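Quick notes on the structure that follows.
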Amino acid sequence: MSVHKKLMQARVKLQSVEMKKSGLNKFAGYTYFELGDFIPHVQVIFNDLGLCGVVTFNIEYAQLCITDVEDGTVIVITSPMAAAELKGAHPIQNLGASLSYQRRYLWMAAMELTEHDPIDSAPPVEAPKPAATQTPAPAPKPAQKPVKQRPDPIPPQHVEPDRWTIIIDAPDDATWVDMMVAANDLKISMAESADHLKEMFQVNKPQYDKLKSLNASVYADVIDKFSAAKRSFF
C-alpha cells in the first residue's frame, strides 16, 4: 500500500473523530482548531496505519514529511516561512509563534482540515466620506501673557518594566496564547532561584489569569512547567 493511500485512509479516519475547536477569535467571532485539538488523534491514526510525520524548518520554508514506514514512500508538504512581527515581543517569542503556526497549517493541509476563513469575516470596506467644505478660519485671539515656568521643572517620569514583566501586544486568540507560552518558557529559563519564579508569577498574575480564561489546558501545562522548574532548585 502506498503512502498516498494510507494518507487518504488517515484523513477518512480523522473525519470520524469528534473534535472540538478550542481556539476562539473574539474579534471576528469564530472558532478554530489548535494543534492540541487534532494532533493526538492524528498520531494515533498514523501509528495504526504505519505512517510517520516529521516537521522541519529552515530560513526559507517549513515542510511536513509523511513517510510510509513499511515501504519508505514519502509525501512532502511545503510552506514558505513567514515571520511573526508582534509589537513589544521578544525575538524568541516571534520565532515561537511562527513555528507554531507553521506546524498547525502544515498538519491542517495534510489532513484536509477545514475551518472558518478569516477573509470572509473581514469587515466591509466603507466608502470614502465626501470632503468637508472649508469654513473661514476664526479670528485670532489676542496673545495671552506667557505663564512663568518654575525654575526647576520636574522631568517626566519613565518607568521601565523589570526583567520578569511579560508584555504581549496581540489579539486575544491563539497568537496571544502562543506568545504567552513562549514568553513564559523564556522567563523560566532566566530564573536562577525559586524566589525568581515566585516573583515572575506574581508580577505577571494578570497575564496568567488571562491565559487560563483563553485556554485552560495550556494554562495547566504552564503551571506544570513552573512546578518542574521550582523542584529543580531543591
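Just so we're on the same page: first chain in the C-alpha cells is A, next is B, and so on; residues restart at 1 for each chain, and ligands are numbered from 1 in the order they show up.
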
Self-check item: Those of segment 11-105 of chain A in DSSP helix (DSSP H, G or I), formatted as a PyMOL selection string
Solution: chain A and resi 11-15+35-49+91-105

As a PDB file with C-alpha atoms, in the first residue's frame, please: the residues near Asp209 of chain A (cut-off 9 Å, only C-alpha atoms, same-chain neighbours under 5 positions excluded).
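Listing of selection_11.pdb after writing:
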```pdb
ATOM      1  CA  ASN A 204       2.536  38.599  35.656  1.00  0.00           C
ATOM      2  CA  LEU A 214      -8.420  31.746  26.969  1.00  0.00           C
ATOM      3  CA  TYR A 219      -2.532  27.202  31.399  1.00  0.00           C
TER       4      TYR A 219
END
```

Quiz prompt | Two-atom distance - atom CA of Ile39 of chain A, atom CA of Met108 of chain A (Å) | solution =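 Those two atoms sit 9.6 Å apart.
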
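Between Lys230 of chain A and the candidates A:Ser193, A:Val177, A:Glu199, A:Leu95, the tightest atom-to-atom separation, counting only C-alpha atoms, involves A:Ser193.
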